[in-house]
Each structure stands twice: as structure tokens, then as C-alpha cells.
file model-v4.txt (compact mmCIF, C-alpha atoms)
# COMPACT_ATOMS: atom_id res chain seq x y z
CA MET A 1 113.89 -43.71 -13.37
CA ALA A 2 115.51 -44.48 -16.69
CA SER A 3 113.88 -42.87 -19.69
CA VAL A 4 112.23 -45.56 -21.82
CA SER A 5 110.24 -44.80 -24.93
CA ASP A 6 106.72 -46.11 -25.49
CA ALA A 7 107.98 -48.07 -28.52
CA GLU A 8 110.56 -49.85 -26.34
CA LEU A 9 107.97 -50.52 -23.62
CA LYS A 10 105.62 -52.00 -26.17
CA LYS A 11 108.14 -54.71 -27.07
CA MET A 12 108.59 -55.76 -23.43
CA SER A 13 106.65 -58.16 -21.25
CA GLN A 14 104.78 -56.70 -18.27
CA ASP A 15 107.52 -57.84 -15.86
CA GLU A 16 110.19 -56.20 -18.00
CA ARG A 17 108.18 -52.97 -18.22
CA VAL A 18 107.77 -52.82 -14.43
CA LYS A 19 111.55 -53.27 -13.95
CA ALA A 20 112.44 -50.81 -16.71
CA LEU A 21 110.26 -48.15 -15.07
CA GLY A 22 111.99 -48.71 -11.72
CA MET A 23 108.85 -49.78 -9.95
CA THR A 24 110.12 -52.93 -8.21
CA THR A 25 112.57 -50.96 -6.11
CA GLU A 26 109.90 -48.64 -4.76
CA GLN A 27 109.25 -48.84 -1.01
CA LEU A 28 105.54 -48.82 -0.36
CA THR A 29 105.61 -48.48 3.42
CA GLY A 30 105.64 -45.18 5.27
CA LYS A 31 104.73 -43.22 2.15
CA SER A 32 101.83 -41.22 3.55
CA LEU A 33 102.12 -37.55 2.50
CA TYR A 34 105.25 -38.19 0.43
CA ILE A 35 103.80 -36.17 -2.44
CA GLU A 36 103.04 -32.46 -2.27
CA PHE A 37 100.79 -30.55 -4.67
CA ASP A 38 102.48 -28.17 -7.11
CA PRO A 39 100.65 -24.82 -6.70
CA GLY A 40 101.90 -23.77 -10.16
CA ALA A 41 100.63 -26.89 -11.93
CA GLU A 42 99.32 -26.42 -15.44
CA GLU A 43 95.54 -26.16 -15.90
CA ARG A 44 94.48 -29.34 -17.68
CA PHE A 45 91.07 -30.92 -17.83
CA ILE A 46 91.58 -34.49 -18.99
CA TYR A 47 93.96 -37.29 -18.00
CA PRO A 48 97.27 -37.27 -19.91
CA TRP A 49 96.41 -40.51 -21.69
CA ALA A 50 92.77 -39.69 -22.45
CA PRO A 51 91.72 -39.30 -26.10
CA VAL A 52 90.78 -35.79 -27.18
CA VAL A 53 87.15 -35.97 -28.24
CA ASP A 54 84.71 -33.41 -29.61
CA PHE A 55 81.12 -33.57 -28.33
CA ASN A 56 79.96 -32.21 -31.71
CA LYS A 57 81.50 -35.13 -33.60
CA ARG A 58 78.71 -37.73 -33.53
CA VAL A 59 78.43 -41.31 -34.75
CA GLU A 60 75.78 -44.03 -34.55
CA LEU A 61 76.66 -47.66 -33.89
CA ASP A 62 74.22 -50.48 -34.59
CA THR A 63 74.97 -53.08 -31.91
CA ASP A 64 72.41 -55.64 -33.07
CA LYS A 65 74.85 -58.12 -34.63
CA LEU A 66 77.82 -57.30 -32.36
CA THR A 67 78.90 -59.04 -29.15
CA THR A 68 79.38 -57.01 -25.94
CA ARG A 69 83.17 -57.19 -26.33
CA GLU A 70 82.98 -55.96 -29.93
CA VAL A 71 80.75 -53.02 -28.93
CA ASN A 72 83.01 -51.95 -26.05
CA LYS A 73 86.09 -52.21 -28.27
CA LYS A 74 84.40 -50.19 -31.00
CA ILE A 75 83.51 -47.42 -28.50
CA ARG A 76 87.22 -47.08 -27.62
CA GLU A 77 88.21 -47.00 -31.28
CA LEU A 78 85.66 -44.28 -32.03
CA MET A 79 86.87 -42.23 -29.06
CA SER A 80 90.46 -42.47 -30.27
CA GLU A 81 89.22 -41.11 -33.62
CA GLY A 82 87.85 -38.07 -31.78
CA TYR A 83 84.14 -38.94 -31.66
CA GLY A 84 82.64 -37.27 -28.58
CA THR A 85 79.02 -38.38 -29.05
CA ILE A 86 78.28 -42.04 -29.68
CA VAL A 87 74.74 -43.38 -30.10
CA LEU A 88 74.25 -47.11 -29.52
CA GLN A 89 71.31 -48.46 -31.50
CA ASN A 90 69.53 -51.78 -30.78
CA PRO A 91 71.35 -52.74 -27.55
CA ARG A 92 68.65 -55.40 -26.95
CA GLY A 93 69.41 -55.78 -23.23
CA LYS A 94 73.02 -56.85 -23.67
CA HIS A 95 74.98 -57.13 -20.42
CA SER A 96 78.08 -55.05 -19.53
CA LEU A 97 77.71 -52.54 -22.35
CA GLY A 98 79.73 -49.31 -22.09
CA VAL A 99 81.86 -50.44 -19.14
CA GLY A 100 85.27 -49.00 -18.28
CA ILE A 101 85.05 -45.73 -20.24
CA LEU A 102 87.70 -43.62 -18.52
CA SER A 103 87.32 -40.16 -20.03
CA LYS A 104 84.78 -37.64 -21.27
CA LEU A 105 82.19 -38.80 -23.79
CA ASN A 106 78.48 -38.44 -24.54
CA LEU A 107 77.08 -41.94 -24.80
CA ILE A 108 73.43 -42.32 -25.78
CA VAL A 109 71.80 -45.73 -25.59
CA GLU A 110 68.64 -46.08 -27.67
CA GLY A 111 67.05 -48.98 -25.81
CA SER A 112 67.55 -51.03 -22.67
CA LEU A 113 70.63 -52.57 -21.06
CA GLY A 114 71.07 -55.86 -19.22
CA TYR A 115 73.18 -56.48 -16.12
CA PHE A 116 76.20 -54.33 -15.11
CA GLY A 117 75.62 -51.63 -17.72
CA VAL A 118 78.11 -48.72 -17.82
CA GLY A 119 80.01 -49.95 -14.76
CA LEU A 120 83.50 -48.75 -13.77
CA ILE A 121 83.22 -45.52 -15.75
CA ASP A 122 85.28 -42.41 -14.99
CA GLY A 123 83.89 -39.33 -16.74
CA PRO A 124 81.34 -39.97 -19.49
CA ASN A 125 77.79 -38.62 -19.67
CA VAL A 126 75.46 -41.50 -20.43
CA ARG A 127 71.77 -41.30 -21.31
CA ILE A 128 69.83 -44.57 -21.49
CA ASN A 129 66.46 -44.20 -23.19
CA GLY A 130 65.13 -47.43 -21.75
CA ARG A 131 65.47 -49.67 -18.70
CA VAL A 132 68.52 -51.25 -17.05
CA GLY A 133 69.08 -54.58 -15.30
CA TRP A 134 70.96 -55.32 -12.09
CA SER A 135 73.94 -53.25 -10.94
CA CYS A 136 73.85 -50.40 -13.43
CA GLY A 137 76.74 -47.99 -12.78
CA GLU A 138 78.46 -50.45 -10.44
CA ASN A 139 81.77 -49.04 -9.13
CA MET A 140 81.28 -45.82 -11.12
CA MET A 141 84.02 -43.24 -10.44
CA ALA A 142 82.80 -40.07 -12.20
CA GLY A 143 80.39 -38.85 -14.87
CA THR A 144 76.62 -38.86 -15.17
CA VAL A 145 74.25 -41.71 -16.01
CA VAL A 146 70.57 -40.96 -16.60
CA VAL A 147 68.14 -43.86 -17.03
CA GLU A 148 64.81 -42.73 -18.43
CA LYS A 149 62.73 -45.74 -17.25
CA ASN A 150 63.09 -48.26 -14.37
CA ALA A 151 66.20 -50.01 -13.02
CA GLY A 152 66.82 -53.42 -11.42
CA SER A 153 68.33 -54.21 -8.04
CA THR A 154 71.70 -53.07 -6.71
CA PHE A 155 71.52 -49.88 -8.77
CA GLY A 156 74.84 -48.08 -8.22
CA ALA A 157 76.43 -50.84 -6.14
CA ALA A 158 79.74 -49.63 -4.64
CA ILE A 159 79.60 -46.35 -6.56
CA ARG A 160 82.49 -44.01 -5.69
CA GLY A 161 81.64 -40.81 -7.53
CA GLY A 162 79.45 -39.10 -10.12
CA ASP A 163 75.69 -38.84 -10.55
CA LEU A 164 73.62 -41.95 -11.22
CA VAL A 165 70.00 -41.12 -11.94
CA CYS A 166 66.97 -43.34 -12.55
CA LYS A 167 63.86 -41.36 -13.46
CA GLY A 168 61.60 -44.36 -12.75
CA SER A 169 61.64 -46.78 -9.81
CA VAL A 170 64.44 -49.14 -8.80
CA GLY A 171 64.68 -52.56 -7.13
CA SER A 172 66.21 -53.45 -3.79
CA ARG A 173 69.67 -52.76 -2.33
CA THR A 174 70.11 -49.50 -4.25
CA GLY A 175 73.54 -48.01 -3.52
CA ILE A 176 74.68 -51.02 -1.52
CA ASP A 177 78.18 -50.37 -0.15
CA MET A 178 78.35 -46.95 -1.85
CA LYS A 179 81.53 -45.04 -1.08
CA GLY A 180 80.73 -41.70 -2.68
CA GLY A 181 78.80 -40.07 -5.49
CA THR A 182 75.09 -39.31 -5.78
CA ILE A 183 72.29 -41.73 -6.62
CA ILE A 184 68.94 -40.16 -7.52
CA VAL A 185 65.72 -42.14 -7.87
CA GLY A 186 62.74 -40.34 -9.36
CA GLY A 187 60.25 -43.01 -8.19
CA ASP A 188 60.43 -45.58 -5.39
CA THR A 189 63.31 -47.70 -4.13
CA GLY A 190 63.15 -51.24 -2.72
CA ALA A 191 64.25 -52.86 0.54
CA LEU A 192 67.70 -52.44 2.06
CA SER A 193 68.60 -49.39 -0.02
CA GLY A 194 71.80 -47.76 1.22
CA PHE A 195 72.84 -50.99 2.96
CA MET A 196 76.37 -50.58 4.38
CA MET A 197 76.67 -47.13 2.79
CA GLN A 198 80.00 -45.55 3.68
CA ARG A 199 79.66 -42.09 2.20
CA GLY A 200 77.98 -40.24 -0.67
CA ARG A 201 74.39 -39.10 -1.10
CA MET A 202 71.21 -40.89 -2.13
CA VAL A 203 68.04 -39.00 -3.06
CA VAL A 204 64.73 -40.86 -3.36
CA CYS A 205 61.83 -38.72 -4.57
CA GLY A 206 59.23 -41.44 -3.96
CA ASN A 207 58.93 -44.06 -1.21
CA ALA A 208 61.64 -46.27 0.31
CA GLY A 209 61.21 -49.96 1.23
CA LYS A 210 62.10 -51.80 4.42
CA ASN A 211 65.40 -51.34 6.29
CA LEU A 212 66.54 -48.16 4.60
CA GLY A 213 70.19 -47.35 5.35
CA ASP A 214 70.76 -50.57 7.26
CA SER A 215 74.24 -50.67 8.81
CA MET A 216 75.26 -47.42 7.16
CA TYR A 217 78.57 -46.04 8.43
CA ASP A 218 78.32 -42.57 6.92
CA GLY A 219 76.72 -40.70 4.01
CA THR A 220 73.27 -39.15 3.67
CA ILE A 221 69.94 -40.41 2.32
CA TYR A 222 67.18 -37.94 1.43
CA VAL A 223 63.65 -39.33 0.98
CA GLY A 224 60.70 -37.36 -0.36
CA GLY A 225 58.00 -40.02 0.25
CA ASP A 226 57.32 -42.58 2.97
CA ILE A 227 59.90 -44.87 4.51
CA LYS A 228 58.61 -48.35 5.32
CA SER A 229 61.23 -48.80 8.03
CA LEU A 230 64.73 -47.63 8.87
CA GLY A 231 67.54 -50.17 9.14
CA VAL A 232 69.92 -50.71 12.03
CA ASP A 233 71.68 -47.48 13.03
CA ALA A 234 69.92 -45.26 10.44
CA VAL A 235 68.54 -42.14 12.11
CA GLU A 236 66.66 -39.04 10.99
CA LYS A 237 68.23 -35.59 11.23
CA PRO A 238 66.82 -32.16 10.33
CA LEU A 239 67.45 -30.75 6.83
CA THR A 240 69.77 -27.74 6.82
CA ASP A 241 69.49 -24.75 4.45
CA LEU A 242 72.63 -26.03 2.68
CA ASP A 243 70.95 -29.44 2.20
CA LYS A 244 67.87 -27.75 0.73
CA ALA A 245 69.94 -25.61 -1.66
CA TRP A 246 71.94 -28.64 -2.79
CA LEU A 247 68.82 -30.83 -3.23
CA THR A 248 66.97 -28.14 -5.20
CA ARG A 249 69.93 -27.58 -7.51
CA LYS A 250 70.53 -31.30 -8.07
CA LEU A 251 66.90 -32.25 -8.71
CA LYS A 252 66.35 -29.29 -11.01
CA GLN A 253 69.36 -30.42 -13.07
CA TYR A 254 67.67 -33.75 -13.82
CA GLU A 255 64.14 -32.30 -14.12
CA LEU A 256 63.04 -34.17 -11.00
CA LEU A 257 62.31 -31.26 -8.67
CA PRO A 258 58.83 -31.79 -7.13
CA SER A 259 56.37 -28.93 -7.63
CA LYS A 260 56.16 -28.48 -3.84
CA GLY A 261 59.94 -28.12 -3.49
CA VAL A 262 62.20 -30.07 -1.13
CA ASP A 263 61.10 -28.95 2.35
CA HIS A 264 59.21 -32.21 2.88
CA PHE A 265 62.29 -34.41 2.32
CA LYS A 266 63.56 -36.46 5.27
CA LYS A 267 67.29 -36.70 5.87
CA ILE A 268 68.68 -40.02 7.08
CA VAL A 269 72.23 -40.39 8.42
CA ALA A 270 74.26 -42.92 10.40
CA GLY A 271 73.74 -42.99 14.14
CA LYS A 272 77.37 -44.15 14.36
CA GLN A 273 76.46 -46.87 16.85
CA LEU A 274 78.12 -49.42 14.59
CA TRP A 275 81.52 -47.78 14.80
CA ASN A 276 82.96 -50.60 16.83
CA TYR A 277 85.52 -48.63 18.74
CA ASP A 278 84.02 -49.76 22.02
CA ASN A 279 84.90 -53.34 21.17
CA LEU A 280 88.42 -54.61 21.53
CA GLU A 281 91.02 -53.25 19.18
CA PRO A 282 93.21 -55.77 17.28
CA THR A 283 96.13 -55.17 19.64
CA GLU A 284 93.91 -55.64 22.67
CA LYS A 285 92.57 -58.86 21.18
CA LYS A 286 96.10 -60.16 20.70
CA LEU A 287 96.90 -59.47 24.35
CA ILE A 288 94.08 -61.60 25.67
CA LEU A 289 94.12 -64.37 23.07
CA MET B 1 78.43 -56.97 16.47
CA ALA B 2 77.15 -53.48 17.02
CA GLY B 3 78.73 -51.14 19.49
CA LYS B 4 76.60 -49.48 22.14
CA GLN B 5 77.49 -45.85 21.53
CA TYR B 6 79.62 -43.59 19.34
CA ARG B 7 82.75 -42.94 21.34
CA GLY B 8 84.54 -40.48 19.10
CA SER B 9 84.52 -36.70 19.42
CA GLU B 10 82.82 -34.02 17.35
CA ILE B 11 84.79 -31.60 15.16
CA LYS B 12 84.28 -28.13 16.60
CA ASP B 13 86.95 -26.00 14.97
CA VAL B 14 88.15 -25.88 11.33
CA ASP B 15 91.77 -25.73 12.58
CA GLN B 16 91.33 -28.46 15.19
CA PHE B 17 93.69 -30.95 13.54
CA LEU B 18 96.27 -28.32 12.64
CA LYS B 19 96.55 -27.07 16.21
CA ASP B 20 96.47 -30.58 17.67
CA SER B 21 97.41 -33.23 15.11
CA ALA B 22 96.37 -36.13 17.34
CA GLY B 23 93.00 -34.53 18.11
CA LEU B 24 92.22 -36.96 20.94
CA GLU B 25 89.26 -35.65 22.88
CA SER B 26 86.90 -38.37 24.00
CA GLU B 27 87.83 -40.83 26.72
CA ARG B 28 87.93 -43.71 24.27
CA GLU B 29 90.19 -41.83 21.84
CA LYS B 30 92.63 -41.12 24.66
CA GLU B 31 92.47 -44.74 25.73
CA ILE B 32 93.25 -46.19 22.30
CA GLY B 33 95.57 -43.34 21.29
CA GLN B 34 93.90 -42.59 17.96
CA HIS B 35 91.23 -40.25 16.67
CA ILE B 36 87.92 -41.95 15.82
CA GLY B 37 86.23 -41.01 12.55
CA TYR B 38 87.13 -38.62 9.74
CA ARG B 39 89.02 -35.37 10.39
CA TYR B 40 86.49 -33.44 8.30
CA ASP B 41 82.75 -33.63 7.66
CA VAL B 42 82.38 -36.19 4.85
CA ASN B 43 78.71 -35.29 4.47
CA LEU B 44 79.26 -31.56 3.86
CA VAL B 45 77.63 -30.72 0.51
CA PRO B 46 79.34 -27.99 -1.56
CA ASP B 47 78.25 -24.38 -1.50
CA TYR B 48 78.09 -23.55 -5.22
CA GLY B 49 78.49 -19.84 -4.53
CA ARG B 50 82.16 -20.54 -3.75
CA LEU B 51 83.26 -22.24 -7.00
CA THR B 52 86.66 -21.19 -8.35
CA PRO B 53 87.06 -20.17 -12.05
CA TYR B 54 89.12 -23.30 -12.78
CA LEU B 55 86.43 -25.58 -11.36
CA LYS B 56 83.76 -23.77 -13.41
CA LYS B 57 85.84 -24.33 -16.54
CA TYR B 58 86.33 -28.03 -15.68
CA MET B 59 82.55 -28.49 -15.32
CA GLU B 60 82.06 -26.86 -18.72
CA VAL B 61 84.69 -29.02 -20.44
CA MET B 62 83.21 -32.21 -19.01
CA GLY B 63 79.64 -31.19 -19.87
CA TRP B 64 78.53 -31.26 -16.20
CA ASP B 65 76.22 -28.83 -14.41
CA ASP B 66 77.89 -29.44 -11.05
CA LEU B 67 81.09 -30.67 -9.44
CA ASN B 68 80.16 -34.32 -10.02
CA TRP B 69 82.77 -36.59 -8.36
CA LEU B 70 84.50 -33.60 -6.80
CA GLU B 71 81.51 -33.18 -4.46
CA ASP B 72 83.14 -35.94 -2.39
CA VAL B 73 86.54 -34.22 -2.21
CA HIS B 74 87.33 -32.31 0.98
CA MET B 75 90.42 -30.87 2.58
CA GLY B 76 91.53 -33.24 5.31
CA TYR B 77 94.23 -33.10 7.94
CA GLU B 78 96.90 -35.74 8.31
CA GLU B 79 99.90 -35.71 10.61
CA GLY B 80 99.20 -32.08 11.48
CA SER B 81 99.21 -30.91 7.84
CA PRO B 82 96.39 -29.99 5.51
CA ALA B 83 96.13 -32.72 2.86
CA VAL B 84 93.76 -34.22 0.33
CA PHE B 85 93.07 -37.91 -0.13
CA ASP B 86 93.74 -38.96 -3.72
CA ARG B 87 91.70 -42.06 -4.58
CA ASN B 88 93.79 -42.70 -7.71
CA ASN B 89 96.95 -42.79 -5.62
CA ASN B 90 95.40 -44.30 -2.49
CA GLY B 91 97.22 -41.83 -0.28
CA TRP B 92 97.24 -38.33 1.17
CA VAL B 93 98.77 -35.50 -0.84
CA ARG B 94 100.06 -32.55 1.16
CA ILE B 95 98.98 -28.93 0.66
CA PRO B 96 102.13 -26.76 0.28
CA ASP B 97 102.87 -24.30 3.10
CA SER B 98 102.83 -21.44 0.56
CA ILE B 99 99.05 -21.79 0.20
CA GLU B 100 97.16 -19.70 2.71
CA LEU B 101 94.17 -21.54 4.10
CA PRO B 102 90.80 -19.73 4.28
CA ASP B 103 89.00 -19.70 7.64
CA ASN B 104 86.17 -22.03 6.60
CA GLN B 105 85.87 -25.61 5.38
CA GLN B 106 83.80 -24.77 2.27
CA ASP B 107 86.54 -22.58 0.73
CA ARG B 108 89.21 -25.06 1.82
CA ASP B 109 87.29 -27.80 0.02
CA MET B 110 87.26 -25.76 -3.20
CA ILE B 111 91.07 -25.36 -2.98
CA ALA B 112 91.38 -29.10 -2.31
CA ARG B 113 89.28 -29.90 -5.41
CA GLU B 114 91.30 -27.59 -7.62
CA LEU B 115 94.69 -28.90 -6.46
CA LEU B 116 93.63 -32.56 -6.68
CA LEU B 117 92.27 -32.08 -10.18
CA LYS B 118 95.43 -30.40 -11.49
CA PHE B 119 97.53 -33.15 -9.88
CA GLN B 120 95.47 -36.00 -11.34
CA MET B 121 95.61 -34.46 -14.82
CA SER B 122 99.38 -33.89 -14.68
CA ASP B 123 102.24 -36.09 -15.89
CA ARG B 124 103.69 -36.25 -12.36
CA HIS B 125 100.78 -38.30 -11.04
CA PRO B 126 101.92 -41.85 -10.06
CA LEU B 127 99.15 -43.35 -12.18
CA VAL B 128 101.00 -42.22 -15.32
CA THR B 129 103.93 -44.54 -14.53
CA LEU B 130 101.65 -47.29 -13.23
CA ARG B 131 99.66 -47.15 -16.46
CA LYS B 132 102.80 -47.43 -18.57
CA ALA B 133 103.94 -50.44 -16.57
CA TYR B 134 100.69 -52.36 -16.40
CA MET B 135 98.56 -51.23 -19.34
CA LYS B 136 97.68 -53.66 -22.11
CA PHE B 137 99.06 -52.28 -25.36
call {"tool": "encode", "arguments": {"input": "model-v4.txt", "output": "C-alpha cells"}}
result
Amino acid sequence: MASVSDAELKKMSQDERVKALGMTTEQLTGKSLYIEFDPGAEERFIYPWAPVVDFNKRVELDTDKLTTREVNKKIRELMSEGYGTIVLQNPRGKHSLGVGILSKLNLIVEGSLGYFGVGLIDGPNVRINGRVGWSCGENMMAGTVVVEKNAGSTFGAAIRGGDLVCKGSVGSRTGIDMKGGTIIVGGDTGALSGFMMQRGRMVVCGNAGKNLGDSMYDGTIYVGGDIKSLGVDAVEKPLTDLDKAWLTRKLKQYELLPSKGVDHFKKIVAGKQLWNYDNLEPTEKKLIL
Amino acid sequence: MAGKQYRGSEIKDVDQFLKDSAGLESEREKEIGQHIGYRYDVNLVPDYGRLTPYLKKYMEVMGWDDLNWLEDVHMGYEEGSPAVFDRNNNGWVRIPDSIELPDNQQDRDMIARELLLKFQMSDRHPLVTLRKAYMKF
């Protein structure tokens, strides 16, 4: 790959940049395992492009008169100036606030958020001192999000990593299509929670609505209260000592550990009946079609 | 349409997919010529008594009390080699032969987390070039 400076890249169009970096000649097939870890790699803790921020450097941002786009842009600017703690005042239920933050940051929201709050994040610690609308933490990759009050439906939709916590109750389809990470609900969760879950962990301290874990392929759901009904292919399994240790640690972290401990929690997993390997494989289908 | 029963095989030995890379055990797996399911327990929660010093430091830097997203990272086995799936690269990254593997999955997972983290934070990660090519200046 030819060495091209950032200043030169900046002057180019996207197509020119891709060519200059030698990416169009790359073969994408048969590349499984083509990279090996370097055991002597340097110890670093943030992505090479991430801004260096200091948690002790704090700033408050009044979002009342700003649009969502202006607020999100301002957050990035403040991070590039080294601010590690940003407090958003007067969010007034704006949608899509704090999305796409891709490195460490303490973000405190003094109020409630609308739809798709703090989605697509990779690393920040977010505290929301209010409620959130639909799909909070959607597609979250890493970090922690703690909502002090209640949350709407599809809380943590398609989450891939990190801890997403609602200390109150949440709506239906919590953790729909989740592919990793941990969702914790301090209160109750609605119908179809964990629908099509593929992996990750969901902890519900209160009750769960109808069809919990419907069509789940993998992952684990822990429920402290009653379950109205289990969905297709969701089955109960005994809690292990490792499960109990993990649950106790996690719930204590977010001050949600019940006074009676975690022994009463039920563990729900996939029965794996929906793994359609007993149906025809694509090649078999081709043969008979 | 739902299947009638799980027709894969259970993982019994931590070295199962190193000794036998295909790992075909059940009748259905032999019939279709591929292993069904993951080659490690995706639901295994971490044992925090086995954290490495580097992982402890990472948690401190990020302001986390636990492994956060790394709880979902495990050592897997691909083509007869130990490897880790890198979600930022959408592919398996091989563990070098020079690294001696412990005899249990929990310690292997901690090694996997440490190696993946160092790789993702390094300049040799493919995302660095991808970012340069596609980022909006």
C-alpha cells in the first residue's frame, strides 16, 4: 500500500481515497484466518483514532434551543477538546440524542429522551436521569447505559455488546434480535421480550409478559418474577453456581440486587428446536427443484 | 418452519475442535458434512477470578466495573486452529502457535479477550485503513 498522508487523502474524493489506499485490489474471498494476533502487541486502551478525553474535565450543554444534529455534533467537538464528562441539560424528549459515540465518555442526560436515544454507541458510559422512548440503545456495541426511570418498547433492539440498564419497567419486545451484551430491567418487561434473541444475556428482576424468548436461537434470559408465558422454543434450565455469581455481581453493580439474593431467578434458554438443520439444506433444495 | 429436534452434537472436550477440526458427531452432521452450532459455549459467563492484569487495567480506563462487551468474546476454533471472531473485521483471527493454551475454556476466553483488544486498538487493524478510505472528513 502506497503511503499517503492524511492531508493528501483529505483533498481526494472517496473513490480516489479507496484506490490510493489499495483497497480495490483486495480479494475478499477465502480470507478466513488470514490475520494472526501479534503476541507482542503494544498495550493500548482506546482506538487509534479516538479522542483522548479526561473524565475529570466536565462541561454542561444546554440543548433546549439546539436541534438533534447540532447537539450530536457539539458532543463530538467537546470530545475532541478533551472533555470526558458532558452533561446534557433540557433534552426535552428529543429523538436520536447521543447516537454514534465511538469511544470512552461520561454522558449524563438531565431529563428524558425520545426515540432511538444513544443508539450505535461503542464505549461511553451514559446515565439518563429520566425516561426513554422506543429503541433506546439500539445496535449498541459497548459501554453502559443506565436509565433511572421507565423505557419504551424495543429497549436494546439488536444490541451487540455492553450493559443496557433500565431501573424501572420497559415496554414490549425488549432485546428483540439481540446479538450480544446484557440488558437489565429493574421492573417488569412486556410481551415478546427476547424475541429472536441470538446471544447475550437479559436479566428481568420483575415479571415478564407473554411469549418470553419467542424463537430465540441462543442467549440466556434470567427472570426474578413471574413469566406470563414462554414463547416458541424457550425452555427453562437450572441456574448454575457460575450464573448465580455473575448475576449477583452484575445486579450489585447497578444497585438492583434483590434483598433475597438471586436463587429465585429462573433461567431461560433456547431449546434449539428451531435450528432448521433437519430441513433441506440449500444444496439439497437445488437438487430437487 | 420449526424443526422437530436439535440434530447437532454437544461439546464435551475443550480440545474437541483442535483434535478433530471437522467435529462431526451426530448423524445429521455427518450427513450434511458440517458441524451444527457454535464451536464453543456462547452462553458461558466469565469467571471474574480469572481476569488478567491487562483486562483489569482496561476496565479501569473505560470506567467499567466488569468486562462489558468482552463478556461476549470467547476463544473459538476454526479450521483446526484456535481463533477469535473479530466483529470489527467480520472474520476469524488466528491465535499464534507460540501461545500455550490453558486446559480450560474460561482461561482461554481471557486470553482471547486480551489478544482481541490489543489487536482492535492497534494500527494494524483493518478498520484503520477502512476508516481512512471511507470516513467523512
call {"tool": "axis_aligned_box", "arguments": {"input": "model-v4.txt", "around": "stretch 105-120 of chain B", "padding_each_side": "3 Å", "output": "lines of an AutoDock Vina configuration file"}}
result
center_x = 90.7
center_y = -29.3
center_z = -3.1
size_x = 19.7
size_y = 19.4
size_z = 22.9
call {"tool": "interface_residues", "arguments": {"input": "model-v4.txt", "of": "chain B", "to": "chain A", "cutoff": "6 Å", "atoms": "all atoms listed in the file", "output": "PyMOL selection string"}}
result
chain B and resi 2-6+43+58+68-69+92-95+121+133
call {"tool": "residues_around", "arguments": {"input": "model-v4.txt", "residues": "stretch 28-36 of chain B", "least_positions_apart": "5", "cutoff": "7 Å", "atoms": "only C-alpha atoms", "output": "list in words"}}
result
Arg7, Gly8, Ala22 and Gly23 of chain B
call {"tool": "closest_residue", "arguments": {"input": "model-v4.txt", "among": "A:Ile75, A:Gly84, A:Tyr222, A:Glu148", "to": "B:Met62", "atoms": "only C-alpha atoms"}}
result
A:Gly84
call {"tool": "closest_residue", "arguments": {"input": "model-v4.txt", "among": "A:Ser193, A:Thr240, A:Ser229, A:Thr67", "to": "A:Lys210", "atoms": "all atoms listed in the file"}}
result
A:Ser229
call {"tool": "closest_residue", "arguments": {"input": "model-v4.txt", "among": "A:Ile159, A:Met79, A:Val146, A:Val262", "to": "A:Lys57", "atoms": "only C-alpha atoms"}}
result
A:Met79
call {"tool": "closest_residue", "arguments": {"input": "model-v4.txt", "among": "A:Phe265, A:Pro238, A:Thr63, A:Pro258", "to": "A:Asp226", "atoms": "only C-alpha atoms"}}
result
A:Phe265
call {"tool": "residues_around", "arguments": {"input": "model-v4.txt", "residues": "stretch 96-110 of chain B", "least_positions_apart": "2", "cutoff": "6 Å", "atoms": "all atoms listed in the file", "output": "VMD selection string"}}
result
chain B and resid 74 to 75 112 to 113
call {"tool": "atom_distance", "arguments": {"input": "model-v4.txt", "atom1": "atom CA of A:Val52", "atom2": "atom CA of A:Leu164"}}
result
24.2 Å
